[in-house]
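Down below is the structure, laid out as structure tokens.
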Amino acid sequence: MSTGTLPASARPGTGTGTGTGTGTVVIGLDLGGTKIAAALFGRDGTVLARHTRPTPARDGSAAVLDALAAAVASVDPDGSATALGIAAAGVVDPRTGMVTSATDSIRGWAGTALGAGLADRTGLPVACDNDVRATAGPELAALDGEHGSLLFAAVGTGVGGAVAVDGRMLHGAHGMAGHLGHLPSPEAAGLPCTCGSTGHLEVIASGPGITACYERLAGTSVDRLETVAARAARGDADAVRAITAGAAAVGRVLGGLANALGPDRVVVGGGVPRIGPLYGNALAAAFTAELMPPLRGLTPVAPLFGHDAAVLGAASLTTTLPLHHPGALR
């Protein structure tokens with residue numbers, strides 16, 4: 001599927017939610033720890049312009065909001081957009097527009113009034129959500145019918161996720177729904193997690209988690225996950241064990257959640273699955289082993305959308321989520 005447009009049901013400005021009405025021009029923003037990406041979407045959902053800039057992650061939340069506003073001005077110098085959506089790192093509550101929790105990848109990000117702060121700086125109504133849920137939005141829209149259910153995992157530097165049931169993305173209290181990386185995992189027992197607890201999936205299944213597992217097994221340090229994958233391809237037993245342990249941990253968690261939620265589609269994205277079939281095969285086998293009979297035949301699949309998924313999903317938030325308007329902070 002093309003990565004430059006959305007399916008009709010997910011196009012910005014074409015939904016029936018709390019957004020911008022029909023046939024409008026909107027902006028999608030993707031905020032990560034290192035980069036801000038912006039795209040201007042036309043009335044038919046096609047990309048009219050793009051812009052990227054570094055995230056001033058060490059300079060505090062005000063500087064990040066200023067950089068986001070500058071990205072908006074750069075991608076839409078004529079001011080044609082009527083609203084913007086942002087997919088942001090951290091735990092985001094789309095109803096309040098607040099970042100309720102965050103790691104230190106962006107300094108001082110927790111507690112930021114993302115929706116109102118960005119609306120004040122741009123003069124536009126703003127819809128906001130966690131980056132993984134926003135990325136999962138187009139996947140949900142692409143399902144047949146109006147009542148599809150989706151389980152989405154993003155495995156990279158961390159482990160994130162999104163859950164949609166009967167056509168509706170779940171957000172939960174404080175925007176916490178979908179944070180799969182902080183489910184307990186037996187493979188991670190006793191290992192400290194970045195959230196302050198121990199034994200969570202992210203510790204064993206993320207890119208850094210698999211790398212650390214290899215270092216524990218082999219008694220040697222490595223620079224990155226790709227090095228572990230290369231050693232596994234050459235037959236290094238410790239590298240194979242670290243990769244398959246992380247993959248199987250994800251598969252078991254997703255299989256258990258599939259039994260609880262009954263998804264029509266299970267999507268696994270992020271950078272870690274791209275290391276090769278050793279990872280994907282171990283994840284799929286562990287997933288299948290957990291499934292109850294009615295779900296047998298369900299298999300994890302790769303995302304339909306490519307590098308544009310986050311900005312596509314962010315723009316679509318303007319049709320489905322509450323809008324935060326300029327002036328709320330005054």
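Note on naming: chains are A, B, ... as they come in the structure tokens, residues start from 1 per chain, ligands start from 1 in the order shown.
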What are the nearest atom pairs, with distances in Å to one decimal, for all residues of segment 103-219 of chain A that come at most 9 Å from segment 226-246 of chain A, using only C-alpha atoms, set out by chain and rising residue number as a Markdown table?
| residue | atom | partner | partner_atom | distance |
| --- | --- | --- | --- | --- |
| A:Glu187 | CA | A:Ala245 | CA | 7.3 |
| A:Leu201 | CA | A:Gly246 | CA | 8.4 |
| A:Glu202 | CA | A:Gly246 | CA | 8.9 |
| A:Val203 | CA | A:Gly246 | CA | 8.9 |
| A:Ile204 | CA | A:Gly246 | CA | 5.4 |
| A:Ala205 | CA | A:Gly246 | CA | 4.0 |
| A:Ser206 | CA | A:Gly246 | CA | 7.3 |
| A:Gly207 | CA | A:Gly246 | CA | 8.9 |
| A:Gly209 | CA | A:Gly246 | CA | 7.8 |
| A:Ile210 | CA | A:Ala242 | CA | 5.6 |
| A:Thr211 | CA | A:Val228 | CA | 6.7 |
| A:Ala212 | CA | A:Ala242 | CA | 8.6 |
| A:Cys213 | CA | A:Ala242 | CA | 5.6 |
| A:Tyr214 | CA | A:Ala242 | CA | 5.2 |
| A:Glu215 | CA | A:Asp238 | CA | 8.7 |
| A:Leu217 | CA | A:Asp238 | CA | 6.0 |
| A:Ala218 | CA | A:Asp238 | CA | 6.0 |
Written file, previous selection with all heavy atoms, as a compact mmCIF listing (two decimals), in the first residue's frame:
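This went into selection_26.txt:
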# COMPACT_ATOMS: atom_id res chain seq x y z
N GLU A 187 10.58 -14.03 31.25
CA GLU A 187 11.96 -13.96 30.77
C GLU A 187 12.72 -12.78 31.36
O GLU A 187 13.95 -12.77 31.36
CB GLU A 187 11.97 -13.87 29.23
CG GLU A 187 11.48 -15.10 28.52
CD GLU A 187 9.96 -15.12 28.34
OE1 GLU A 187 9.28 -14.22 28.90
OE2 GLU A 187 9.46 -16.04 27.66
N LEU A 201 8.29 -6.66 30.06
CA LEU A 201 8.59 -7.15 28.72
C LEU A 201 9.69 -6.32 28.05
O LEU A 201 10.59 -6.87 27.40
CB LEU A 201 7.32 -7.12 27.87
CG LEU A 201 7.47 -7.55 26.40
CD1 LEU A 201 7.89 -9.01 26.30
CD2 LEU A 201 6.16 -7.29 25.65
N GLU A 202 9.63 -5.01 28.19
CA GLU A 202 10.58 -4.13 27.50
C GLU A 202 12.03 -4.46 27.84
O GLU A 202 12.93 -4.30 27.02
CB GLU A 202 10.26 -2.69 27.87
CG GLU A 202 11.06 -1.65 27.12
CD GLU A 202 10.52 -0.25 27.34
OE1 GLU A 202 9.38 0.02 26.89
OE2 GLU A 202 11.23 0.56 27.96
N VAL A 203 12.27 -4.95 29.07
CA VAL A 203 13.63 -5.22 29.53
C VAL A 203 14.31 -6.33 28.73
O VAL A 203 15.52 -6.33 28.56
CB VAL A 203 13.62 -5.59 31.03
CG1 VAL A 203 15.02 -5.88 31.53
CG2 VAL A 203 12.98 -4.49 31.84
N ILE A 204 13.51 -7.26 28.21
CA ILE A 204 14.06 -8.41 27.52
C ILE A 204 13.80 -8.37 26.02
O ILE A 204 14.51 -9.02 25.24
CB ILE A 204 13.48 -9.73 28.10
CG1 ILE A 204 14.31 -10.94 27.68
CG2 ILE A 204 12.02 -9.91 27.75
CD1 ILE A 204 15.66 -11.03 28.36
N ALA A 205 12.80 -7.57 25.59
CA ALA A 205 12.34 -7.66 24.20
C ALA A 205 12.68 -6.45 23.34
O ALA A 205 12.64 -6.54 22.11
CB ALA A 205 10.83 -7.87 24.17
N SER A 206 13.02 -5.32 23.94
CA SER A 206 13.40 -4.15 23.15
C SER A 206 14.78 -4.36 22.53
O SER A 206 15.51 -5.30 22.88
CB SER A 206 13.44 -2.91 24.04
OG SER A 206 14.48 -3.03 25.01
N GLY A 207 15.16 -3.48 21.62
CA GLY A 207 16.50 -3.57 21.05
C GLY A 207 17.59 -3.54 22.10
O GLY A 207 18.45 -4.43 22.14
N GLY A 209 17.21 -4.24 25.20
CA GLY A 209 17.01 -5.40 26.05
C GLY A 209 17.63 -6.66 25.48
O GLY A 209 18.27 -7.44 26.19
N ILE A 210 17.46 -6.88 24.18
CA ILE A 210 18.07 -8.04 23.53
C ILE A 210 19.59 -7.91 23.56
O ILE A 210 20.31 -8.89 23.83
CB ILE A 210 17.56 -8.18 22.09
CG1 ILE A 210 16.07 -8.54 22.09
CG2 ILE A 210 18.36 -9.25 21.33
CD1 ILE A 210 15.43 -8.54 20.71
N THR A 211 20.09 -6.72 23.30
CA THR A 211 21.54 -6.49 23.34
C THR A 211 22.10 -6.77 24.72
O THR A 211 23.14 -7.44 24.87
CB THR A 211 21.86 -5.04 22.92
OG1 THR A 211 21.32 -4.80 21.61
CG2 THR A 211 23.35 -4.79 22.91
N ALA A 212 21.42 -6.29 25.76
CA ALA A 212 21.87 -6.53 27.13
C ALA A 212 21.81 -8.01 27.49
O ALA A 212 22.69 -8.53 28.20
CB ALA A 212 21.03 -5.70 28.12
N CYS A 213 20.78 -8.70 26.99
CA CYS A 213 20.67 -10.13 27.24
C CYS A 213 21.87 -10.86 26.63
O CYS A 213 22.47 -11.75 27.26
CB CYS A 213 19.37 -10.67 26.66
SG CYS A 213 19.12 -12.44 26.89
N TYR A 214 22.24 -10.50 25.41
CA TYR A 214 23.41 -11.11 24.78
C TYR A 214 24.67 -10.84 25.59
O TYR A 214 25.50 -11.75 25.79
CB TYR A 214 23.58 -10.59 23.36
CG TYR A 214 24.87 -11.08 22.72
CD1 TYR A 214 24.99 -12.39 22.29
CD2 TYR A 214 25.97 -10.23 22.57
CE1 TYR A 214 26.16 -12.86 21.73
CE2 TYR A 214 27.14 -10.68 22.02
CZ TYR A 214 27.25 -12.00 21.59
OH TYR A 214 28.41 -12.45 21.05
N GLU A 215 24.83 -9.64 26.07
CA GLU A 215 26.02 -9.30 26.86
C GLU A 215 26.09 -10.13 28.13
O GLU A 215 27.18 -10.58 28.53
CB GLU A 215 26.01 -7.81 27.19
CG GLU A 215 26.23 -6.93 25.97
CD GLU A 215 26.15 -5.44 26.28
OE1 GLU A 215 25.47 -5.08 27.28
OE2 GLU A 215 26.75 -4.65 25.55
N LEU A 217 24.79 -13.15 28.51
CA LEU A 217 25.05 -14.54 28.13
C LEU A 217 26.50 -14.75 27.67
O LEU A 217 27.14 -15.75 28.02
CB LEU A 217 24.11 -14.96 27.00
CG LEU A 217 22.62 -15.08 27.35
CD1 LEU A 217 21.79 -15.25 26.09
CD2 LEU A 217 22.38 -16.25 28.31
N ALA A 218 27.00 -13.81 26.90
CA ALA A 218 28.32 -13.98 26.27
C ALA A 218 29.46 -13.43 27.12
O ALA A 218 30.62 -13.75 26.87
CB ALA A 218 28.33 -13.30 24.90
### Message
Could you go through segment 25-139 of chain A and tell me which residues DSSP, when run on the backbone, assigns to strand (DSSP E or B), listing them as a PyMOL selection string?
### Response
chain A and resi 26-31+35-41+47-54+83-88+91-93+98-101+113+126-130
### Task
For atom CA of Val99 of chain A and atom CA of Leu140 of chain A, determine how far apart the two atoms are, in Å to one decimal place.
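Pair atom CA of Val99 of chain A / atom CA of Leu140 of chain A returns 23.6 Å.
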### Task
Would you list, as a count of residues only, the residues of segment 61-238 of chain A that end up in helix (DSSP H, G or I) under DSSP run on this structure's backbone?
72
Within 9 Å of segment 250-264 of chain A, which residues of segment 155-220 of chain A come that close, and what is the closest atom pair and distance in Å for each? Count only C-alpha atoms and give it as a tab-separated table.
residue	atom	partner	partner_atom	distance
A:Val155	CA	A:Val250	CA	8.7
A:Val163	CA	A:Leu261	CA	8.6
A:Ala164	CA	A:Pro263	CA	8.1
A:Val165	CA	A:Leu261	CA	7.3
A:Asp166	CA	A:Pro263	CA	8.9
A:Leu180	CA	A:Val253	CA	8.2
A:Gly181	CA	A:Val250	CA	8.9
A:Leu183	CA	A:Val253	CA	7.8
A:Pro184	CA	A:Val253	CA	8.6
A:Ser185	CA	A:Val253	CA	7.6
A:Leu201	CA	A:Val250	CA	7.2
A:Glu202	CA	A:Val250	CA	9.0
A:Ala205	CA	A:Val250	CA	6.5
### Task
May I have the residues within 10 Å of Pro54 of chain A as a PyMOL selection string, using only C-alpha atoms and disregarding those fewer than 5 positions away in the same chain?
chain A and resi 31-37+64+67-68
For the selection you just gave me, I'd like the residues written to a file as a PDB file, in the first residue's frame, keeping C-alpha atoms.
ATOM      1  CA  LEU A  31       7.549  14.004  17.685  1.00  0.00           C
ATOM      2  CA  GLY A  32      10.366  11.640  18.631  1.00  0.00           C
ATOM      3  CA  GLY A  33      13.358  11.951  20.876  1.00  0.00           C
ATOM      4  CA  THR A  34      15.669  12.921  18.020  1.00  0.00           C
ATOM      5  CA  LYS A  35      13.482  14.210  15.174  1.00  0.00           C
ATOM      6  CA  ILE A  36      10.302  16.151  14.436  1.00  0.00           C
ATOM      7  CA  ALA A  37       8.539  15.270  11.181  1.00  0.00           C
ATOM      8  CA  VAL A  64      10.216  21.395  22.123  1.00  0.00           C
ATOM      9  CA  ALA A  67      10.247  23.660  17.637  1.00  0.00           C
ATOM     10  CA  LEU A  68       6.940  21.939  16.879  1.00  0.00           C
TER      11      LEU A  68
END
### Message
Need to verify the contact set: Ala69 of chain A, 9 Å, only C-alpha atoms, exclusion of same-chain residues closer than 5 positions in sequence. Can you return it as a list in words?
### Response
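That gives Val64, Ser74, Leu118, Ala119, Arg121 and Thr122 of chain A.
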